[in-house]
>>> print(open('query13.cif').read())   # mmCIF, C-alpha atoms and all ligand atoms
data_entry
#
loop_
_atom_site.group_PDB
_atom_site.id
_atom_site.type_symbol
_atom_site.label_atom_id
_atom_site.label_comp_id
_atom_site.auth_asym_id
_atom_site.auth_seq_id
_atom_site.Cartn_x
_atom_site.Cartn_y
_atom_site.Cartn_z
ATOM 1 C CA MET A 20 -17.117 35.503 33.437
ATOM 2 C CA LYS A 21 -18.990 38.690 34.247
ATOM 3 C CA LEU A 22 -18.567 41.519 31.777
ATOM 4 C CA GLU A 23 -19.491 45.113 32.339
ATOM 5 C CA CYS A 24 -20.746 47.653 29.852
ATOM 6 C CA PRO A 25 -17.916 49.927 28.670
ATOM 7 C CA TYR A 26 -20.382 52.830 28.605
ATOM 8 C CA CYS A 27 -22.310 52.667 31.879
ATOM 9 C CA LYS A 28 -20.545 49.830 33.769
ATOM 10 C CA ASN A 29 -23.802 47.896 34.157
ATOM 11 C CA GLU A 30 -23.502 44.107 34.090
ATOM 12 C CA LEU A 31 -23.863 42.684 30.577
ATOM 13 C CA ILE A 32 -26.310 39.853 29.941
ATOM 14 C CA LYS A 33 -25.014 37.004 27.797
ATOM 15 C CA GLY A 34 -27.246 35.807 24.993
ATOM 16 C CA PHE A 35 -27.259 35.323 21.262
ATOM 17 C CA ILE A 36 -28.757 36.837 18.157
ATOM 18 C CA TYR A 37 -29.877 35.146 14.977
ATOM 19 C CA SER A 38 -29.227 36.492 11.524
ATOM 20 C CA GLY A 39 -31.955 34.313 10.050
ATOM 21 C CA ARG A 40 -30.949 32.473 6.885
ATOM 22 C CA TYR A 41 -28.137 34.830 5.996
ATOM 23 C CA SER A 42 -24.631 35.411 7.283
ATOM 24 C CA PHE A 43 -23.755 38.575 9.170
ATOM 25 C CA LYS A 44 -22.225 41.154 6.865
ATOM 26 C CA TRP A 45 -20.428 44.369 7.603
ATOM 27 C CA HIS A 46 -21.100 47.458 5.522
ATOM 28 C CA ASP A 47 -18.955 50.524 5.954
ATOM 29 C CA GLU A 48 -20.937 53.728 6.493
ATOM 30 C CA ASN A 49 -19.359 55.047 3.280
ATOM 31 C CA ALA A 50 -20.685 52.099 1.279
ATOM 32 C CA GLY A 51 -21.665 52.897 -2.300
ATOM 33 C CA LEU A 52 -25.253 53.020 -3.535
ATOM 34 C CA LEU A 53 -25.135 49.521 -5.079
ATOM 35 C CA GLU A 54 -24.074 48.052 -1.734
ATOM 36 C CA ARG A 55 -26.737 50.017 0.133
ATOM 37 C CA VAL A 56 -29.702 48.910 -1.964
ATOM 38 C CA THR A 57 -28.730 45.387 -3.016
ATOM 39 C CA VAL A 58 -27.407 42.223 -1.379
ATOM 40 C CA PHE A 59 -24.059 42.642 -3.142
ATOM 41 C CA GLY A 60 -20.885 43.732 -1.432
ATOM 42 C CA GLY A 61 -20.094 43.894 2.221
ATOM 43 C CA GLU A 62 -17.739 41.798 4.286
ATOM 44 C CA VAL A 63 -18.964 38.515 5.747
ATOM 45 C CA LEU A 64 -18.295 38.759 9.475
ATOM 46 C CA SER A 65 -19.429 35.304 10.465
ATOM 47 C CA ASP A 66 -20.709 32.299 8.578
ATOM 48 C CA ASN A 67 -22.686 31.293 11.629
ATOM 49 C CA ILE A 68 -26.319 32.376 11.682
ATOM 50 C CA LYS A 69 -26.129 32.602 15.460
ATOM 51 C CA VAL A 70 -23.518 34.613 17.347
ATOM 52 C CA ILE A 71 -22.970 35.114 21.058
ATOM 53 C CA CYS A 72 -23.497 38.630 22.311
ATOM 54 C CA TYR A 73 -23.541 40.630 25.508
ATOM 55 C CA ARG A 74 -26.356 43.091 26.017
ATOM 56 C CA CYS A 75 -26.615 46.119 28.239
ATOM 57 C CA LYS A 76 -30.290 46.700 28.992
ATOM 58 C CA ASN A 77 -29.458 50.029 30.592
ATOM 59 C CA CYS A 78 -28.080 51.804 27.519
ATOM 60 C CA ASN A 79 -29.401 49.332 24.954
ATOM 61 C CA LYS A 80 -26.101 48.345 23.395
ATOM 62 C CA ILE A 81 -24.923 44.920 22.292
ATOM 63 C CA ILE A 82 -21.361 43.646 22.055
ATOM 64 C CA ILE A 83 -21.069 40.797 19.587
ATOM 65 C CA ASP A 84 -18.395 38.105 19.749
ATOM 66 C CA LEU A 85 -18.071 37.057 16.119
ATOM 67 C CA ASN A 86 -15.813 34.121 16.930
ATOM 68 C CA GLU A 87 -18.110 32.599 19.480
ATOM 69 C CA CYS A 88 -21.131 30.618 18.367
ATOM 70 C CA SER A 89 -23.148 28.018 20.175
HETATM 71 ZN ZN ZN B 101 -24.527 50.263 29.408
#
>>> encode(input="query13.cif", output="structure tokens", more="lines below")
Ligand SMILES: [Zn+2]
Amino acid sequence: MKLECPYCKNELIKGFIYSGRYSFKWHDENAGLLERVTVFGGEVLSDNIKVICYRCKNCNKIIIDLNECS
């Protein structure tokens, strides 16, 4: 399935990114100081250390599919 970038309509390249040893966590931009400077808090988005993503090389954006891992 070919996907296009929602910003520039360029074709997205399928790949994956690694989180290293840790799970991917979401932090709201209004996160408190403790959450900003420590490992505490945040919402675990995926327990997989590797998630599938689609990259637009034109505008340098990545769309991550948190449910898809390989
Ligand atoms: Zn784009």
>>> closest_residue(input="query13.cif", among="A:His46, A:Thr57, A:Cys75, A:Ile81", to="ligand ZN 101 (chain B)", atoms="all atoms listed in the file")
A:Cys75
>>> atom_distance(input="query13.cif", atom1="CA of Lys80 in chain A", atom2="CA of Tyr26 in chain A")
8.9 Å
>>> closest_residue(input="query13.cif", among="A:Val63, A:Ile68, A:Ile36, A:Cys78", to="ligand ZN 101 (chain B)", atoms="all atoms listed in the file")
A:Cys78
>>> closest_residue(input="query13.cif", among="A:Asp47, A:Glu30, A:Glu54, A:Glu62", to="ligand ZN 101 (chain B)", atoms="all atoms listed in the file")
A:Glu30
>>> resolve_selection(input="query13.cif", expression="the PyMOL selection byres (((not hetatm)) within 12 of (chain B and resi 101))", output="PDB file with C-alpha atoms, keeping the file's coordinate frame")
ATOM      1  CA  LEU A  22     -18.567  41.519  31.777  1.00  0.00           C
ATOM      2  CA  GLU A  23     -19.491  45.113  32.339  1.00  0.00           C
ATOM      3  CA  CYS A  24     -20.746  47.653  29.852  1.00  0.00           C
ATOM      4  CA  PRO A  25     -17.916  49.927  28.670  1.00  0.00           C
ATOM      5  CA  TYR A  26     -20.382  52.830  28.605  1.00  0.00           C
ATOM      6  CA  CYS A  27     -22.310  52.667  31.879  1.00  0.00           C
ATOM      7  CA  LYS A  28     -20.545  49.830  33.769  1.00  0.00           C
ATOM      8  CA  ASN A  29     -23.802  47.896  34.157  1.00  0.00           C
ATOM      9  CA  GLU A  30     -23.502  44.107  34.090  1.00  0.00           C
ATOM     10  CA  LEU A  31     -23.863  42.684  30.577  1.00  0.00           C
ATOM     11  CA  ILE A  32     -26.310  39.853  29.941  1.00  0.00           C
ATOM     12  CA  TYR A  73     -23.541  40.630  25.508  1.00  0.00           C
ATOM     13  CA  ARG A  74     -26.356  43.091  26.017  1.00  0.00           C
ATOM     14  CA  CYS A  75     -26.615  46.119  28.239  1.00  0.00           C
ATOM     15  CA  LYS A  76     -30.290  46.700  28.992  1.00  0.00           C
ATOM     16  CA  ASN A  77     -29.458  50.029  30.592  1.00  0.00           C
ATOM     17  CA  CYS A  78     -28.080  51.804  27.519  1.00  0.00           C
ATOM     18  CA  ASN A  79     -29.401  49.332  24.954  1.00  0.00           C
ATOM     19  CA  LYS A  80     -26.101  48.345  23.395  1.00  0.00           C
ATOM     20  CA  ILE A  81     -24.923  44.920  22.292  1.00  0.00           C
ATOM     21  CA  ILE A  82     -21.361  43.646  22.055  1.00  0.00           C
TER      22      ILE A  82
END
>>> resolve_selection(input="query13.cif", expression="the PyMOL selection byres (((chain A and resi 40-42) around 10) and not hetatm)", output="list in words")
Tyr37, Ser38, Gly39, Phe43, Lys44, Trp45, Glu62, Val63, Leu64, Ser65, Asp66, Asn67, Ile68 and Lys69 of chain A
>>> atom_distance(input="query13.cif", atom1="CA of Asn49 in chain A", atom2="CA of Ile83 in chain A")
21.7 Å
>>> atom_distance(input="query13.cif", atom1="CA of Arg55 in chain A", atom2="CA of Val70 in chain A")
23.3 Å
>>> resolve_selection(input="query13.cif", expression="the PyMOL selection byres (((chain A and resi 84) around 6) and not hetatm)", output="PyMOL selection string")
chain A and resi 71-72+83+85-87
>>> write_last_selection(input="query13.cif", atoms="C-alpha atoms", output="compact mmCIF listing (two decimals), in the coordinates of the input")
# COMPACT_ATOMS: atom_id res chain seq x y z
CA ILE A 71 -22.97 35.11 21.06
CA CYS A 72 -23.50 38.63 22.31
CA ILE A 83 -21.07 40.80 19.59
CA LEU A 85 -18.07 37.06 16.12
CA ASN A 86 -15.81 34.12 16.93
CA GLU A 87 -18.11 32.60 19.48
>>> axis_aligned_box(input="query13.cif", around="range 55-58 of chain A", padding_each_side="8 Å", output="lines of an AutoDock Vina configuration file")
center_x = -28.2
center_y = 46.1
center_z = -1.4
size_x = 19.0
size_y = 23.8
size_z = 19.1
